[in-house]
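Listing of upload_25.tsv, TSV, C-alpha atoms and all ligand atoms
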```tsv
chain	number	residue	atom	x	y	z
H	1331	MET	CA	-13.05	-165.31	-93.44
H	1332	SER	CA	-13.71	-168.32	-91.24
H	1333	ALA	CA	-11.31	-169.69	-88.63
H	1334	ILE	CA	-10.51	-172.69	-90.79
H	1335	GLU	CA	-9.62	-170.39	-93.73
H	1336	HIS	CA	-7.24	-168.47	-91.50
H	1337	GLY	CA	-5.85	-171.74	-90.16
H	1338	LYS	CA	-4.63	-172.71	-93.63
H	1339	THR	CA	-1.72	-170.34	-93.11
H	1340	ILE	CA	-0.69	-172.30	-90.02
H	1341	VAL	CA	-0.95	-175.70	-91.71
H	1342	LYS	CA	1.06	-174.36	-94.62
H	1343	GLN	CA	3.73	-172.88	-92.38
H	1344	LEU	CA	4.18	-176.20	-90.56
H	1345	LYS	CA	4.49	-178.00	-93.89
H	1346	ASP	CA	6.95	-175.45	-95.27
H	1347	ALA	CA	9.08	-176.13	-92.20
H	1348	GLY	CA	9.17	-179.82	-93.18
H	1349	TYR	CA	6.45	-181.27	-90.93
H	1350	GLU	CA	3.11	-182.90	-91.62
H	1351	ALA	CA	0.02	-180.99	-90.56
H	1352	PHE	CA	-3.76	-181.38	-90.99
H	1353	PHE	CA	-6.98	-179.93	-89.72
H	1354	VAL	CA	-8.72	-182.58	-87.66
H	1355	GLY	CA	-11.69	-183.19	-85.37
H	1356	GLY	CA	-14.86	-181.18	-85.04
H	1357	ALA	CA	-13.81	-178.37	-87.37
H	1358	VAL	CA	-13.40	-180.73	-90.34
H	1359	ARG	CA	-16.60	-182.58	-89.51
H	1360	ASP	CA	-18.47	-179.28	-89.30
H	1361	TYR	CA	-16.85	-178.01	-92.49
H	1362	VAL	CA	-18.13	-181.08	-94.35
H	1363	LEU	CA	-21.56	-180.45	-92.85
H	1364	GLY	CA	-21.48	-176.79	-93.89
H	1365	ILE	CA	-21.36	-175.58	-90.29
H	1366	VAL	CA	-18.96	-172.76	-89.41
H	1367	SER	CA	-16.77	-173.79	-86.49
H	1368	ASP	CA	-14.67	-171.50	-84.37
H	1369	ASP	CA	-12.90	-174.29	-82.55
H	1370	VAL	CA	-10.19	-175.43	-84.96
H	1371	ASP	CA	-7.76	-178.25	-84.13
H	1372	ILE	CA	-4.60	-178.97	-86.10
H	1373	THR	CA	-2.65	-182.20	-85.76
H	1374	THR	CA	1.03	-182.26	-86.68
H	1375	SER	CA	4.20	-184.32	-86.64
H	1376	ALA	CA	6.03	-181.33	-85.14
H	1377	ARG	CA	6.76	-181.47	-81.41
H	1378	PRO	CA	5.35	-178.79	-79.09
H	1379	GLN	CA	8.67	-176.96	-78.69
H	1380	THR	CA	8.96	-176.76	-82.50
H	1381	VAL	CA	5.44	-175.40	-82.82
H	1382	GLU	CA	6.22	-172.87	-80.13
H	1383	ALA	CA	9.36	-171.75	-81.96
H	1384	LEU	CA	7.68	-171.56	-85.38
H	1385	PHE	CA	4.91	-169.17	-84.44
H	1386	GLU	CA	5.06	-165.75	-82.94
H	1387	ARG	CA	2.06	-165.81	-80.65
H	1388	THR	CA	1.60	-169.04	-78.76
H	1389	VAL	CA	0.15	-170.17	-75.45
H	1390	LEU	CA	1.25	-173.40	-73.80
H	1391	THR	CA	-2.22	-174.74	-73.08
H	1392	GLY	CA	-1.37	-178.34	-72.46
H	1393	LYS	CA	2.27	-179.01	-73.11
H	1394	ALA	CA	1.93	-182.32	-71.25
H	1395	PHE	CA	-0.72	-183.30	-73.77
H	1396	GLY	CA	1.28	-182.01	-76.69
H	1397	THR	CA	-0.92	-179.00	-77.31
H	1398	VAL	CA	0.20	-175.49	-78.17
H	1399	THR	CA	-2.39	-172.80	-78.87
H	1400	VAL	CA	-1.36	-170.64	-81.80
H	1401	LEU	CA	-2.97	-167.21	-81.98
H	1402	HIS	CA	-3.50	-165.95	-85.48
H	1403	ALA	CA	-5.90	-163.48	-87.12
H	1404	ASN	CA	-8.06	-163.18	-84.00
H	1405	HIS	CA	-8.51	-166.93	-83.70
H	1406	ALA	CA	-6.97	-169.52	-81.40
H	1407	PHE	CA	-5.81	-172.75	-83.02
H	1408	GLU	CA	-5.05	-175.81	-80.95
H	1409	VAL	CA	-2.00	-177.38	-82.52
H	1410	THR	CA	-1.38	-180.86	-81.12
H	1411	THR	CA	1.47	-183.24	-81.86
H	1412	TYR	CA	0.45	-186.69	-83.18
H	1413	ARG	CA	-0.47	-188.78	-80.17
H	1414	ARG	CA	-1.31	-192.34	-79.42
H	1415	GLU	CA	-3.14	-193.31	-76.35
H	1416	THR	CA	-1.27	-195.33	-73.74
H	1417	HIS	CA	-3.22	-197.64	-71.49
H	1418	TYR	CA	-6.53	-196.75	-69.93
H	1419	ASP	CA	-7.20	-197.11	-66.20
H	1420	ASN	CA	-10.67	-197.40	-64.86
H	1421	HIS	CA	-12.52	-196.42	-68.04
H	1422	ARG	CA	-10.79	-193.07	-68.07
H	1423	HIS	CA	-8.79	-191.10	-70.52
H	1424	PRO	CA	-5.12	-191.98	-70.03
H	1425	SER	CA	-3.38	-189.78	-67.52
H	1426	TYR	CA	-0.26	-189.55	-69.61
H	1427	ILE	CA	0.25	-189.61	-73.34
H	1428	ALA	CA	2.82	-190.67	-75.83
H	1429	PHE	CA	3.64	-189.04	-79.12
H	1430	ALA	CA	3.00	-191.04	-82.27
H	1431	ASP	CA	4.99	-191.18	-85.49
H	1432	THR	CA	2.17	-191.35	-87.99
H	1433	VAL	CA	-1.06	-189.49	-88.49
H	1434	LYS	CA	-2.82	-192.83	-88.80
H	1435	GLU	CA	-1.96	-193.67	-85.20
H	1436	ASP	CA	-3.20	-190.27	-84.10
H	1437	VAL	CA	-6.46	-190.71	-85.94
H	1438	SER	CA	-7.07	-194.21	-84.53
H	1439	ARG	CA	-7.26	-192.94	-80.95
H	1440	ARG	CA	-10.13	-190.62	-81.80
H	1441	ASP	CA	-13.68	-191.48	-80.83
H	1442	PHE	CA	-16.00	-191.43	-83.83
H	1443	THR	CA	-15.52	-191.85	-87.56
H	1444	MET	CA	-16.91	-188.36	-88.17
H	1445	ASN	CA	-14.25	-186.95	-85.84
H	1446	GLN	CA	-11.21	-188.45	-87.55
H	1447	LEU	CA	-11.32	-186.68	-90.90
H	1448	LEU	CA	-8.12	-184.93	-91.91
H	1449	MET	CA	-8.07	-181.90	-94.16
H	1450	ASP	CA	-5.08	-180.15	-95.71
H	1451	GLU	CA	-4.59	-176.51	-96.66
H	1452	ASN	CA	-6.15	-177.09	-100.09
H	1453	GLY	CA	-9.33	-178.51	-98.62
H	1454	ASP	CA	-8.45	-182.10	-99.60
H	1455	ILE	CA	-9.79	-184.64	-97.14
H	1456	THR	CA	-8.18	-187.88	-95.97
H	1457	ASP	CA	-10.72	-190.31	-94.59
H	1458	ILE	CA	-9.10	-193.42	-93.11
H	1459	TYR	CA	-12.09	-194.89	-91.24
H	1460	GLY	CA	-15.07	-194.07	-93.44
H	1461	GLY	CA	-16.20	-190.89	-91.74
H	1462	LEU	CA	-17.56	-189.23	-94.87
H	1463	LYS	CA	-20.13	-191.92	-95.55
H	1464	ASP	CA	-21.21	-191.90	-91.90
H	1465	ILE	CA	-21.64	-188.13	-92.03
H	1466	GLU	CA	-23.57	-188.56	-95.27
H	1467	SER	CA	-25.97	-190.98	-93.54
H	1468	GLY	CA	-25.94	-189.07	-90.26
H	1469	ILE	CA	-24.66	-192.00	-88.21
H	1470	ILE	CA	-22.48	-191.93	-85.13
H	1471	GLU	CA	-20.05	-194.81	-85.35
H	1472	THR	CA	-16.98	-195.49	-83.26
H	1473	ILE	CA	-13.57	-196.12	-84.74
H	1474	GLY	CA	-13.22	-199.82	-84.03
H	1475	ASN	CA	-15.33	-201.86	-81.63
H	1476	ALA	CA	-17.77	-199.67	-79.71
H	1477	HIS	CA	-17.67	-201.78	-76.53
H	1478	GLU	CA	-13.89	-201.57	-76.39
H	1479	ARG	CA	-13.78	-197.86	-77.15
H	1480	PHE	CA	-16.36	-197.10	-74.45
H	1481	ARG	CA	-14.58	-199.32	-71.95
H	1482	GLU	CA	-11.39	-197.36	-72.63
H	1483	ASP	CA	-13.05	-194.02	-72.03
H	1484	ALA	CA	-16.63	-193.99	-70.79
H	1485	LEU	CA	-17.12	-190.31	-71.57
H	1486	ARG	CA	-17.41	-191.24	-75.24
H	1487	MET	CA	-20.91	-192.60	-74.54
H	1488	LEU	CA	-22.11	-189.22	-73.37
H	1489	ARG	CA	-20.28	-187.57	-76.27
H	1490	ALA	CA	-22.17	-189.81	-78.69
H	1491	LEU	CA	-25.45	-188.55	-77.27
H	1492	ARG	CA	-24.37	-184.92	-77.33
H	1493	PHE	CA	-23.35	-185.24	-80.99
H	1494	MET	CA	-26.82	-186.66	-81.66
H	1495	ALA	CA	-28.30	-183.56	-80.04
H	1496	ALA	CA	-25.96	-181.17	-81.84
H	1497	LEU	CA	-26.06	-182.67	-85.32
H	1498	ASP	CA	-29.40	-184.51	-85.48
H	1499	PHE	CA	-27.54	-187.76	-86.11
H	1500	THR	CA	-28.51	-191.27	-84.99
H	1501	LEU	CA	-26.47	-193.89	-83.16
H	1502	SER	CA	-25.35	-196.98	-85.01
H	1503	ASP	CA	-26.92	-200.16	-83.56
H	1504	GLU	CA	-23.58	-201.21	-82.19
H	1505	VAL	CA	-23.04	-197.88	-80.46
H	1506	GLU	CA	-26.50	-197.99	-78.91
H	1507	GLN	CA	-26.01	-201.55	-77.66
H	1508	ALA	CA	-22.61	-200.68	-76.28
H	1509	ILE	CA	-24.01	-197.71	-74.35
H	1510	LYS	CA	-26.74	-199.96	-72.96
H	1511	ALA	CA	-24.11	-202.44	-71.80
H	1512	ASN	CA	-21.53	-200.00	-70.45
H	1513	HIS	CA	-23.23	-196.81	-69.26
H	1514	THR	CA	-22.60	-197.46	-65.57
H	1515	THR	CA	-18.86	-197.05	-66.16
H	1516	LEU	CA	-19.52	-193.35	-66.69
H	1517	LYS	CA	-19.32	-193.19	-62.88
H	1518	HIS	CA	-15.55	-193.33	-63.18
H	1519	ILE	CA	-15.38	-190.14	-65.23
H	1520	SER	CA	-14.64	-186.80	-63.59
H	1521	LEU	CA	-17.66	-184.60	-62.98
H	1522	GLU	CA	-16.00	-181.71	-64.81
H	1523	ARG	CA	-15.69	-183.68	-68.04
H	1524	ILE	CA	-19.28	-184.86	-67.70
H	1525	GLN	CA	-20.46	-181.32	-67.06
H	1526	VAL	CA	-18.88	-180.03	-70.27
H	1527	GLU	CA	-20.59	-182.63	-72.45
H	1528	LEU	CA	-23.90	-182.41	-70.61
H	1529	ILE	CA	-24.08	-178.64	-70.98
H	1530	LYS	CA	-23.29	-178.96	-74.69
H	1531	LEU	CA	-26.01	-181.61	-74.98
H	1532	PHE	CA	-28.68	-179.52	-73.26
H	1533	ASP	CA	-27.69	-176.38	-75.16
H	1534	ALA	CA	-27.94	-178.19	-78.49
H	1535	GLN	CA	-30.73	-177.96	-80.99
H	1536	TYR	CA	-31.98	-181.54	-81.50
H	1537	LYS	CA	-32.46	-182.75	-77.95
H	1538	PRO	CA	-35.55	-184.97	-78.03
H	1539	PRO	CA	-34.06	-187.84	-80.08
H	1540	ALA	CA	-30.84	-187.71	-78.02
H	1541	LEU	CA	-32.76	-187.75	-74.74
H	1542	LYS	CA	-34.91	-190.62	-75.97
H	1543	ALA	CA	-31.76	-192.55	-76.81
H	1544	MET	CA	-30.41	-191.70	-73.37
H	1545	ARG	CA	-33.57	-193.14	-71.86
H	1546	ARG	CA	-33.50	-196.28	-74.02
H	1547	THR	CA	-29.93	-197.01	-73.03
H	1548	GLY	CA	-30.38	-196.22	-69.33
H	1549	LEU	CA	-27.57	-193.69	-69.28
H	1550	HIS	CA	-29.91	-191.12	-67.70
H	1551	LYS	CA	-29.95	-193.30	-64.58
H	1552	THR	CA	-26.18	-193.33	-64.32
H	1553	LEU	CA	-26.26	-189.54	-64.56
H	1554	GLY	CA	-28.88	-189.42	-61.81
H	1555	LEU	CA	-31.20	-187.49	-64.12
H	1556	GLU	CA	-33.95	-190.04	-64.58
H	1557	GLN	CA	-36.95	-187.80	-63.90
H	1558	THR	CA	-35.44	-184.82	-65.70
H	1559	VAL	CA	-34.67	-186.77	-68.86
H	1560	ASN	CA	-38.02	-188.57	-68.79
H	1561	HIS	CA	-39.70	-185.20	-68.55
H	1562	LEU	CA	-37.71	-183.54	-71.33
H	1563	ALA	CA	-37.45	-186.40	-73.82
H	1564	ASN	CA	-40.72	-185.52	-75.54
H	1565	LEU	CA	-40.56	-181.74	-75.28
H	1566	THR	CA	-39.76	-179.85	-78.46
H	1567	LEU	CA	-39.86	-176.31	-77.05
H	1568	PRO	CA	-36.59	-174.39	-77.11
H	1569	TYR	CA	-34.62	-174.35	-73.86
H	1570	THR	CA	-31.02	-174.22	-72.64
H	1571	ALA	CA	-28.83	-176.23	-70.28
H	1572	LEU	CA	-29.65	-173.75	-67.52
H	1573	ASP	CA	-33.35	-174.57	-67.90
H	1574	ALA	CA	-32.70	-178.30	-67.93
H	1575	PHE	CA	-30.57	-178.05	-64.80
H	1576	ALA	CA	-33.20	-175.86	-63.13
H	1577	LEU	CA	-35.73	-178.61	-63.81
H	1578	ALA	CA	-33.34	-181.20	-62.36
H	1579	TYR	CA	-32.93	-179.02	-59.28
H	1580	GLY	CA	-36.70	-178.93	-58.88
H	1581	TYR	CA	-36.79	-182.73	-59.01
H	1582	GLY	CA	-34.09	-182.89	-56.34
H	1583	GLU	CA	-31.79	-184.55	-58.86
H	1584	LEU	CA	-29.18	-181.80	-58.75
H	1585	VAL	CA	-27.15	-179.88	-56.20
H	1586	GLN	CA	-24.11	-177.80	-57.01
H	1587	SER	CA	-21.70	-180.70	-56.49
H	1588	THR	CA	-23.63	-183.09	-58.75
H	1589	PHE	CA	-21.67	-181.90	-61.78
H	1590	LYS	CA	-19.35	-179.46	-60.01
H	1591	LEU	CA	-21.26	-176.52	-61.39
H	1592	SER	CA	-19.71	-173.08	-61.09
H	1593	ASN	CA	-20.99	-170.79	-58.33
H	1594	LYS	CA	-22.35	-168.43	-60.92
H	1595	PHE	CA	-24.27	-171.10	-62.79
H	1596	PHE	CA	-25.69	-172.62	-59.61
H	1597	LYS	CA	-26.73	-169.24	-58.20
H	1598	GLN	CA	-28.68	-168.62	-61.40
H	1599	ILE	CA	-30.52	-171.90	-60.85
H	1600	GLU	CA	-31.41	-170.90	-57.27
H	1601	THR	CA	-32.57	-167.46	-58.38
H	1602	ILE	CA	-34.76	-168.94	-61.10
H	1603	HIS	CA	-36.35	-171.17	-58.49
H	1604	ALA	CA	-37.00	-168.32	-56.08
H	1605	ALA	CA	-38.60	-166.34	-58.91
H	1606	HIS	CA	-40.54	-169.43	-59.98
H	1607	ALA	CA	-42.04	-169.78	-56.49
H	1608	ARG	CA	-43.09	-166.15	-56.59
H	1609	VAL	CA	-44.69	-166.46	-60.04
H	1610	LYS	CA	-46.61	-169.50	-58.81
H	1611	HIS	CA	-48.30	-167.23	-56.24
H	1612	GLU	CA	-48.86	-164.05	-58.18
H	1613	GLY	CA	-48.20	-164.71	-61.86
H	1614	PHE	CA	-45.89	-162.41	-63.86
H	1615	THR	CA	-46.19	-158.94	-62.30
H	1616	PRO	CA	-44.28	-155.68	-62.83
H	1617	LYS	CA	-42.80	-155.99	-59.33
H	1618	GLY	CA	-41.70	-159.57	-60.00
H	1619	VAL	CA	-40.04	-158.56	-63.27
H	1620	PHE	CA	-38.52	-155.51	-61.52
H	1621	ASP	CA	-37.08	-157.64	-58.69
H	1622	TYR	CA	-35.74	-160.55	-60.75
H	1623	GLY	CA	-35.08	-159.00	-64.13
H	1624	LEU	CA	-36.11	-160.03	-67.62
H	1625	LYS	CA	-33.61	-162.85	-68.08
H	1626	THR	CA	-34.55	-164.73	-64.95
H	1627	MET	CA	-38.26	-164.34	-65.66
H	1628	LEU	CA	-37.82	-165.75	-69.16
H	1629	HIS	CA	-36.19	-168.82	-67.58
H	1630	VAL	CA	-39.11	-169.04	-65.16
H	1631	ASN	CA	-41.36	-168.95	-68.20
H	1632	VAL	CA	-39.53	-171.98	-69.61
H	1633	LEU	CA	-39.87	-173.86	-66.29
H	1634	ARG	CA	-43.59	-173.06	-66.39
H	1635	GLN	CA	-43.75	-174.37	-69.95
H	1636	PHE	CA	-42.11	-177.58	-68.72
H	1637	GLU	CA	-45.06	-177.81	-66.32
H	1638	GLY	CA	-47.53	-177.48	-69.18
H	1639	HIS	CA	-48.33	-173.76	-69.00
H	1640	THR	CA	-48.45	-171.79	-72.24
H	1641	SER	CA	-45.60	-169.37	-72.90
H	1642	LYS	CA	-45.96	-165.90	-71.42
H	1643	LYS	CA	-42.86	-164.60	-73.16
H	1644	ASP	CA	-44.64	-161.70	-74.88
H	1645	THR	CA	-46.37	-160.65	-71.66
H	1646	ILE	CA	-43.10	-160.72	-69.72
H	1647	GLU	CA	-41.33	-158.68	-72.38
H	1648	ARG	CA	-44.17	-156.18	-72.51
H	1649	ILE	CA	-44.12	-155.83	-68.71
H	1650	HIS	CA	-40.38	-155.33	-68.85
H	1651	ASN	CA	-40.53	-152.75	-71.64
H	1652	THR	CA	-43.17	-150.68	-69.87
H	1653	LEU	CA	-41.78	-150.78	-66.32
H	1654	LYS	CA	-42.39	-147.41	-64.67
H	1655	LEU	CA	-39.13	-147.74	-62.72
H	1656	ARG	CA	-35.87	-149.27	-63.91
H	1657	ASP	CA	-34.15	-149.41	-60.54
H	1658	LYS	CA	-34.60	-148.49	-56.90
H	1659	LYS	CA	-32.66	-145.26	-57.23
H	1660	ALA	CA	-35.24	-143.98	-59.70
H	1661	LEU	CA	-37.85	-143.71	-56.94
H	1662	ALA	CA	-38.49	-140.00	-56.28
H	1663	ILE	CA	-37.99	-140.32	-52.52
H	1664	ASN	CA	-35.48	-142.30	-50.49
H	1665	GLY	CA	-35.09	-143.86	-47.03
H	1666	LYS	CA	-33.86	-140.60	-45.54
H	1667	THR	CA	-37.04	-138.77	-46.47
H	1668	ILE	CA	-39.15	-141.51	-44.92
H	1669	LYS	CA	-37.07	-141.50	-41.75
H	1670	ALA	CA	-37.52	-137.75	-41.45
H	1671	MET	CA	-41.29	-138.23	-41.68
H	1672	SER	CA	-41.52	-140.68	-38.80
H	1673	PRO	CA	-39.00	-142.41	-36.53
H	1674	ALA	CA	-39.49	-145.94	-37.88
H	1675	LYS	CA	-37.38	-149.10	-37.61
H	1676	LYS	CA	-34.92	-149.92	-40.37
H	1677	GLU	CA	-36.98	-152.89	-41.61
H	1678	HIS	CA	-40.07	-150.74	-41.69
H	1679	ILE	CA	-38.35	-148.16	-43.84
H	1680	ALA	CA	-37.12	-150.82	-46.24
H	1681	LEU	CA	-40.57	-152.35	-46.39
H	1682	THR	CA	-42.15	-148.96	-47.00
H	1683	LEU	CA	-39.77	-148.26	-49.89
H	1684	ASP	CA	-40.51	-151.67	-51.35
H	1685	THR	CA	-44.25	-151.07	-51.14
H	1686	LEU	CA	-43.88	-147.65	-52.74
H	1687	ILE	CA	-41.92	-149.19	-55.61
H	1688	GLU	CA	-44.67	-151.72	-56.13
H	1689	GLN	CA	-47.33	-149.00	-56.08
H	1690	VAL	CA	-45.43	-146.96	-58.66
H	1691	LEU	CA	-44.87	-150.03	-60.85
H	1692	ASN	CA	-48.58	-150.85	-60.66
H	1693	GLY	CA	-49.52	-147.29	-61.59
H	1694	GLU	CA	-51.24	-146.78	-58.21
H	1695	VAL	CA	-49.05	-143.86	-57.14
H	1696	ASP	CA	-47.15	-141.36	-59.29
H	1697	ASN	CA	-43.41	-141.29	-58.95
H	1698	GLU	CA	-43.24	-137.80	-57.44
H	1699	PRO	CA	-42.38	-136.76	-53.85
H	1700	THR	CA	-45.74	-135.43	-52.64
H	1701	ALA	CA	-47.74	-138.46	-53.74
H	1702	LEU	CA	-45.06	-140.84	-52.46
H	1703	LYS	CA	-44.86	-139.13	-49.08
H	1704	ALA	CA	-48.64	-139.31	-48.66
H	1705	SER	CA	-48.60	-142.98	-49.47
H	1706	ALA	CA	-45.62	-143.61	-47.19
H	1707	GLN	CA	-47.53	-141.99	-44.33
H	1708	ILE	CA	-50.39	-144.47	-44.73
H	1709	ILE	CA	-48.06	-147.45	-45.03
H	1710	LEU	CA	-46.12	-146.44	-41.91
H	1711	SER	CA	-49.16	-145.86	-39.78
H	1712	LYS	CA	-50.57	-149.23	-40.82
H	1713	MET	CA	-47.34	-150.89	-39.78
H	1714	LYS	CA	-47.37	-149.17	-36.40
H	1715	SER	CA	-50.90	-150.29	-35.67
H	1716	GLU	CA	-50.05	-153.91	-36.54
F	1	LIG	P1	-17.01	-179.50	-80.88
F	1	LIG	O1	-17.44	-178.98	-82.18
F	1	LIG	O2	-18.12	-179.53	-79.91
F	1	LIG	O3	-15.78	-178.86	-80.33
F	1	LIG	P2	-15.28	-181.73	-81.33
F	1	LIG	O4	-15.47	-182.98	-82.12
F	1	LIG	O5	-14.26	-180.77	-81.83
F	1	LIG	O6	-16.68	-181.05	-81.16
F	1	LIG	P3	-13.75	-181.74	-78.92
F	1	LIG	O7	-14.17	-182.13	-77.54
F	1	LIG	O8	-13.35	-180.34	-79.18
F	1	LIG	O9	-14.95	-182.18	-79.85
F	1	LIG	O10	-12.57	-182.72	-79.32
F	1	LIG	C1	-11.77	-182.56	-80.49
F	1	LIG	C2	-11.46	-183.90	-81.13
F	1	LIG	O11	-10.67	-184.69	-80.22
F	1	LIG	C3	-12.66	-184.76	-81.45
F	1	LIG	O12	-13.22	-184.44	-82.69
F	1	LIG	C4	-12.06	-186.15	-81.43
F	1	LIG	O13	-11.34	-186.40	-82.62
F	1	LIG	C5	-11.05	-186.05	-80.30
F	1	LIG	N1	-11.61	-186.44	-78.98
F	1	LIG	C6	-12.14	-185.62	-78.05
F	1	LIG	N2	-12.53	-186.30	-76.97
F	1	LIG	C7	-12.25	-187.59	-77.20
F	1	LIG	C8	-12.40	-188.80	-76.45
F	1	LIG	N3	-12.95	-188.79	-75.24
F	1	LIG	N4	-11.95	-189.94	-77.02
F	1	LIG	C9	-11.38	-189.94	-78.25
F	1	LIG	N5	-11.22	-188.85	-78.99
F	1	LIG	C10	-11.65	-187.69	-78.49
F	2	MG	MG	-13.72	-179.01	-80.79
```

In structure tokens, how does this file's structure come out?
Amino acid sequence: MSAIEHGKTIVKQLKDAGYEAFFVGGAVRDYVLGIVSDDVDITTSARPQTVEALFERTVLTGKAFGTVTVLHANHAFEVTTYRRETHYDNHRHPSYIAFADTVKEDVSRRDFTMNQLLMDENGDITDIYGGLKDIESGIIETIGNAHERFREDALRMLRALRFMAALDFTLSDEVEQAIKANHTTLKHISLERIQVELIKLFDAQYKPPALKAMRRTGLHKTLGLEQTVNHLANLTLPYTALDAFALAYGYGELVQSTFKLSNKFFKQIETIHAAHARVKHEGFTPKGVFDYGLKTMLHVNVLRQFEGHTSKKDTIERIHNTLKLRDKKALAINGKTIKAMSPAKKEHIALTLDTLIEQVLNGEVDNEPTALKASAQIILSKMKSE
């Protein structure tokens, strides 16, 4: 059973307690599109403390924003009290919110017509702003005047483009013009919020039309991703946000602080680049795949495809599957053995081990002590004579 099916119990329970409640947002849009969504939002006339009291397992995710997460049947449902938006400062989401009395008010603050559909526990849909016909024609349309809605909250412009990329929709003329006219106000939006939408955009399935629209409107310049977006706009090969950001890093359009990327994410980008430099010199080798691992090398492969090389995915996977060593500990001799053979410097021992690993991986030396010792002897004496 899907999350939305399970959520019906929650909607019903709120209604039985005398409140109004509906599914809303992306989950309803996706339901109409036949896409299974795990991220289910419920909007209700009940106040957060009521929601908290009604359900057994709740988490106060954003009490200030009127949101209580209800845990039910292994799913998390975001139950939010009807809200209206107060005034907007500096093209940003309001910093405080006010509760609203009617669902119509709640729906009017939402960004796009496709995102304002309401659905009840019987699957009946309420469509106040014509979202169904826009979904039918695959058009992204704001609720109300696009210029005004983007001036209120500039992030909506980037959201429009990420929905294009996720759903293969097009922008209405008004939305496109409004992005053209207002994209520089995206500078007022927090980098964290931009990061979330940008990662969703670059992880989505239908990127080329969205990136072309980004280019037409000039929003790529505001993001500081001009070269990256120009490069990717015509590419249909599959890639992820990590690959797109790695490309941006290569262009010098991205450092960790650009979108406040997590340490983990940024380290991956740096590692991919180090591996990429190595592959440039020596191609995909067993030692390269051993040192960097399959995942990193597959990302390097994508970067190479961005540069016009053909995919080496099969080769990389074959190299990985037939590696003669899986990790350093699998080598049949260790540093101690080498040290006992000859009083060498620490770096020399490390280098000798590394060379032995490469020789084993290349099938030049068998992974057994006698052969390895013989080879180590040669490597060490070479190093001494250097
Ligand atoms: P996804 O499937 O990616 O989660 P979503 O439409 O659910 O897409 P969310 O970011 O989860 O997107 O937001 C949930 C809902 O909240 C949206 O569908 C929309 O109704 C409303 N919303 C979110 N962000 C904004 C915004 N910046 N301005 C107005 N409404 C918004
Ligand atoms: Mg959502």

### Message
If we count only C-alpha atoms and set the cut-off at 9 Å, which residues sit around Met1544 (chain H), ignoring sequence neighbours fewer than 2 positions away in its own chain? Please answer as an MDAnalysis selection string.
### Response
chainID H and resid 1488 1491 1509 1539:1542 1546:1551 1559 1563

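The residue that comes closest to Leu1448 (chain H), out of H:Gly1460, H:Gly1468, H:Gly1348, H:Gly1693 and on the basis of all atoms listed in the file, is H:Gly1460.
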
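The space between CA of Gly1355 (chain H) and CA of Pro1568 (chain H) spans 27.7 Å.
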
### Message
So the first atom is CA of Leu1702 (chain H) and the second is CA of Phe1620 (chain H); what is the distance between them in Å, to one decimal place?
### Response
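Computed distance, CA of Leu1702 (chain H) to CA of Phe1620 (chain H), equals 18.4 Å.
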
### Task
Show which residues sit within 7 Å of region 1471-1484 of chain H, as a PyMOL selection string. Count only C-alpha atoms, and ignore same-chain residues fewer than 4 positions away.
chain H and resi 1418+1421-1423+1438+1441-1443+1459+1501-1502+1504-1505+1508+1515-1516+1519

Export of prior selection with C-alpha atoms as an mmCIF file, in the frame of the given file:
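selection-v2.cif was written with the following content:
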```
data_model
loop_
_atom_site.group_PDB
_atom_site.id
_atom_site.type_symbol
_atom_site.label_atom_id
_atom_site.label_comp_id
_atom_site.auth_asym_id
_atom_site.auth_seq_id
_atom_site.Cartn_x
_atom_site.Cartn_y
_atom_site.Cartn_z
ATOM 1 C CA TYR H 1418 -6.530 -196.750 -69.930
ATOM 2 C CA HIS H 1421 -12.520 -196.420 -68.040
ATOM 3 C CA ARG H 1422 -10.790 -193.070 -68.070
ATOM 4 C CA HIS H 1423 -8.790 -191.100 -70.520
ATOM 5 C CA SER H 1438 -7.070 -194.210 -84.530
ATOM 6 C CA ASP H 1441 -13.680 -191.480 -80.830
ATOM 7 C CA PHE H 1442 -16.000 -191.430 -83.830
ATOM 8 C CA THR H 1443 -15.520 -191.850 -87.560
ATOM 9 C CA TYR H 1459 -12.090 -194.890 -91.240
ATOM 10 C CA LEU H 1501 -26.470 -193.890 -83.160
ATOM 11 C CA SER H 1502 -25.350 -196.980 -85.010
ATOM 12 C CA GLU H 1504 -23.580 -201.210 -82.190
ATOM 13 C CA VAL H 1505 -23.040 -197.880 -80.460
ATOM 14 C CA ALA H 1508 -22.610 -200.680 -76.280
ATOM 15 C CA THR H 1515 -18.860 -197.050 -66.160
ATOM 16 C CA LEU H 1516 -19.520 -193.350 -66.690
ATOM 17 C CA ILE H 1519 -15.380 -190.140 -65.230
#
```

### Task
Give the residues close to ligand MG 2 (chain F), within 9 Å, counting all atoms listed in the file; write them as a VMD selection string.
chain H and resid 1355 to 1357 1367 to 1371

### Query
Neighbours of region 1386-1402 of chain H within 12 Å (all atoms listed in the file; same-chain residues fewer than 2 positions away dropped), as a ChimeraX atom specification?
/H:1332-1341,1343-1344,1369-1384,1404-1415,1423-1430,1436

### Task
Give the answer as one residue: which of H:Glu1694, H:Asp1621, H:Asp1644, H:Glu1716 has the shortest atom-to-atom distance to Arg1656 (chain H), using all atoms listed in the file?
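Selected residue with least distance to Arg1656 (chain H): H:Asp1621.
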
Write out as a CSV table (one decimal) with C-alpha atoms, in the coordinates of the input each polymer residue whose atoms come within 8 Å of Ile1663 (chain H), counting only C-alpha atoms; drop sequence neighbours fewer than 4 positions from it.
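File written: result_13.csv
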```csv
chain,number,residue,atom,x,y,z
H,1667,THR,CA,-37.0,-138.8,-46.5
H,1668,ILE,CA,-39.2,-141.5,-44.9
H,1698,GLU,CA,-43.2,-137.8,-57.4
H,1699,PRO,CA,-42.4,-136.8,-53.8
H,1702,LEU,CA,-45.1,-140.8,-52.5
H,1703,LYS,CA,-44.9,-139.1,-49.1
```
